[in-house]
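Q: Below is one structure. I have some questions about it.
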Amino acid sequence: MTSVLDEIVVGVREDLALRQQKVTIDELKAQAEKVSKAIDPFPIFNEAGVAVIAEVKRSSPSKGDLSAISDPAQLAKAYESGGASCISVLTEGRRFKGSLSDLAAVRKAVDVPVLRKDFIVSSYQLWEARAYGADLALLIVAALDQEALVSLIERAKTIGLTPLIEVHTAEEIKRAVDAGAKLLGINARNLKTLEVDRTTFVRLAPLVPKDCIMVAESGVRDKHDLITYANAGAHAVLVGESLVLHKDPQAAVHELVTAGAHPATNHGR
């Protein structure tokens with residue numbers, strides 16, 4: 001049976017093939033050389049408290065259209081002003097209505113690290129990420145076989161990108177760690193059914209090695225969810241839907257950042 005993830009990846013590969021016909025990888029590499037050196041996010045994530053990664057997200061397969069976001073740069077600036085430590089930009093076009101131009105616009109607008117969030121299956125997409133200014137790139141374990149996962153993690157690092165490795169199960173955590181992951185995103189959303197289970201992070205966090213940074217993805221509606229994830233060991237949370245739907249994204253981010261900076265969330269770090 002074909003899952004939602006499988007369907008998305010098919011579309012991603014089709015769109016990727018079209019882009020590769022228009023722009024060669026050598027052209028991307030040349031463009032990447034002109035971009036400022038990537039920002040290392042680890043010092044930020046290693047600070048006390050819980051960092052907030054705020055997401056520019058127009059649509060999703062589970063909820064459909066969320067927000068028009070006519071100016072992604074302006075939204076990213078609001079996030080940064082609210083205290084976001086990092087901006088995530090969805091660049092997948094079919095289901096999420098994102099684009100590489102969104103990524104470029106956000107990069108120009110903010111000084112904090114920027115994550116390209118997409119369904120990356122090829123090193124070409126990593127070069128795209130760097131060429132358009134990303135500092136981090138998402139790699140989803142469920143979308144890759146082990147050889148591809150290892151290869152893409154290594155390639156991301158050589159390009160200068162920090163790979164954020166997304167997992168959903170105990171088996172995927174093992175695969176990620178075996179592949180060399182140091183920044184691990186535990187997603188509460190099941191990519192096969194699109195359902196969110198907020199207990200996922202709490203169940204899986206104890207299986208992650210202590211030297212890994214943990215990001216809680218999906219299911220953060222407010223500061224109470226952030227605190228729950230913090231208590232389970234999250235170093236950062238990635239928040240999209242609740243921010244783009246908020247009438248004042250800057251204030252919404254600030255509320256989360258304030259909760260994340262509370263001494264109760266420091267865990268001795």
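We label chains A, B, ... in the order they appear in the structure tokens, count residues from 1 in each chain, and number ligands from 1 in the order shown.
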Write out as a ChimeraX atom specification each polymer residue whose atoms come within 9 Å of Pro72 (chain A), counting only C-alpha atoms; drop sequence neighbours fewer than 2 positions from it.
A: /A:56-57,69-70,74-77,89,102-103,105-106
Q: Output as a ChimeraX atom specification all residues of region 67-161 of chain A that backbone DSSP marks as alpha helix (DSSP H).
A: /A:72-82,100-109,123-131,146-159
Q: Mind checking which residues fall within 9 Å of region 162-167 of chain A, counting only C-alpha atoms, ignoring those fewer than 4 positions away in the same chain, and posting them as a PyMOL selection string?
A: chain A and resi 38-42+115+135-142+152-154+156-157+171-173+176+181-187+215+217
Q: List the spatial neighbours of region 246-261 of chain A as a list of chain:residue names - criterion: any atom at most 6 Å away, only C-alpha atoms, same-chain residues fewer than 4 positions off excluded.
A: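 Residues near the query, excluding close chain neighbours: A:Gly49, A:Val50, A:Ala78, A:Tyr79, A:Gly82, A:Gly83, A:Lys223.
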Q: Which region 65-95 of chain A residues have any atom within 8 Å of an atom of region 237-245 of chain A, and for each, what is the nearest pair of atoms with distance in Å to one decimal, counting only C-alpha atoms, rows sorted by chain and number, as CSV?
A:
```
residue,atom,partner,partner_atom,distance
A:Leu66,CA,A:Leu245,CA,6.6
A:Ser67,CA,A:Val244,CA,6.3
A:Ser88,CA,A:Leu238,CA,7.9
```
Q: Report, in Å to a single decimal, how far apart CA of Val202 (chain A) and CA of Glu47 (chain A) are.
A: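 CA of Glu47 (chain A) sits 21.1 Å away from CA of Val202 (chain A).
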Q: When you draw a straight line from CA of Ala236 (chain A) to CA of Ile53 (chain A), how long is it in Å?
A: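 Here the two named atoms are 7.0 Å from each other.
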Q: Report, in Å to a single decimal, how far apart CA of Leu204 (chain A) and CA of His224 (chain A) are.
A: 19.4 Å
Q: Looking only at strand (DSSP E) from DSSP on the backbone, list the matching residues of region 26-222 of chain A as a PyMOL selection string.
A: chain A and resi 51-56+59-60+64-65+86-90+114-117+136-140+162-167+183-187+213-217
Q: Set the distance at 8 Å and use only C-alpha atoms: which residues neighbour Ala188 (chain A) once local chain neighbours fewer than 4 positions away are removed? I'd like the list as a ChimeraX atom specification.
A: /A:168,196-201,216-219
Q: Between A:Ile120, A:Ile227, A:Val208, A:Glu147, which has the minimum distance to Leu16 (chain A) (counting only C-alpha atoms)?
A: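 Ranked by minimum distance to Leu16 (chain A), first place goes to A:Ile120.
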Q: Between A:Leu161, A:Tyr124, A:Lys210, A:Val177, which is the closest to Glu27 (chain A) once you count only C-alpha atoms?
A: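 For Glu27 (chain A), the nearest of the given residues is A:Tyr124.
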Q: Determine, counting only C-alpha atoms, which protein, DNA and RNA residues have an atom within 12 Å of an atom of Gln125 (chain A); residues of the same chain fewer than 5 positions away are not included. Present the result as JSON, numbers by chain.
A: {"A": [12, 13, 15, 16, 17, 19, 20, 23, 24, 25, 28, 29, 32, 91, 92, 100, 116, 117, 118, 119, 120, 130, 131, 132, 134, 136, 137, 138, 139, 152, 155, 156, 159, 161]}
Q: Export, as an mmCIF file, in the first residue's frame, the selected residues with C-alpha atoms.
A:
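Just written: out36.cif:
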```
data_model
loop_
_atom_site.group_PDB
_atom_site.id
_atom_site.type_symbol
_atom_site.label_atom_id
_atom_site.label_comp_id
_atom_site.auth_asym_id
_atom_site.auth_seq_id
_atom_site.Cartn_x
_atom_site.Cartn_y
_atom_site.Cartn_z
ATOM 1 C CA VAL A 12 9.576 15.362 -5.529
ATOM 2 C CA ARG A 13 11.623 13.164 -7.867
ATOM 3 C CA ASP A 15 10.056 17.996 -9.993
ATOM 4 C CA LEU A 16 13.741 17.394 -9.270
ATOM 5 C CA ALA A 17 14.258 15.890 -12.728
ATOM 6 C CA ARG A 19 15.072 21.334 -12.297
ATOM 7 C CA GLN A 20 18.117 19.247 -13.188
ATOM 8 C CA VAL A 23 20.307 23.977 -13.984
ATOM 9 C CA THR A 24 23.381 21.745 -13.920
ATOM 10 C CA ILE A 25 24.977 20.666 -10.662
ATOM 11 C CA LEU A 28 24.673 25.112 -8.492
ATOM 12 C CA LYS A 29 28.161 24.547 -7.109
ATOM 13 C CA ALA A 32 27.034 27.976 -3.706
ATOM 14 C CA THR A 91 10.535 24.322 -0.227
ATOM 15 C CA GLU A 92 8.405 21.419 -1.528
ATOM 16 C CA LEU A 100 13.557 27.751 -3.395
ATOM 17 C CA ARG A 116 15.759 23.855 4.074
ATOM 18 C CA LYS A 117 12.877 21.534 4.887
ATOM 19 C CA ASP A 118 12.036 19.247 1.990
ATOM 20 C CA PHE A 119 12.079 15.608 0.955
ATOM 21 C CA ILE A 120 15.734 15.347 0.003
ATOM 22 C CA ARG A 130 23.511 25.714 -0.010
ATOM 23 C CA ALA A 131 23.253 27.703 -3.243
ATOM 24 C CA TYR A 132 20.059 29.343 -1.996
ATOM 25 C CA ALA A 134 20.496 27.296 3.741
ATOM 26 C CA LEU A 136 20.838 23.176 7.539
ATOM 27 C CA ALA A 137 19.039 20.561 5.468
ATOM 28 C CA LEU A 138 16.418 18.048 6.565
ATOM 29 C CA LEU A 139 17.007 14.368 5.792
ATOM 30 C CA LEU A 152 23.679 12.322 2.040
ATOM 31 C CA ARG A 155 27.767 15.043 1.471
ATOM 32 C CA ALA A 156 25.816 17.631 3.468
ATOM 33 C CA ILE A 159 29.119 21.077 1.390
ATOM 34 C CA LEU A 161 25.399 22.094 5.641
#
```
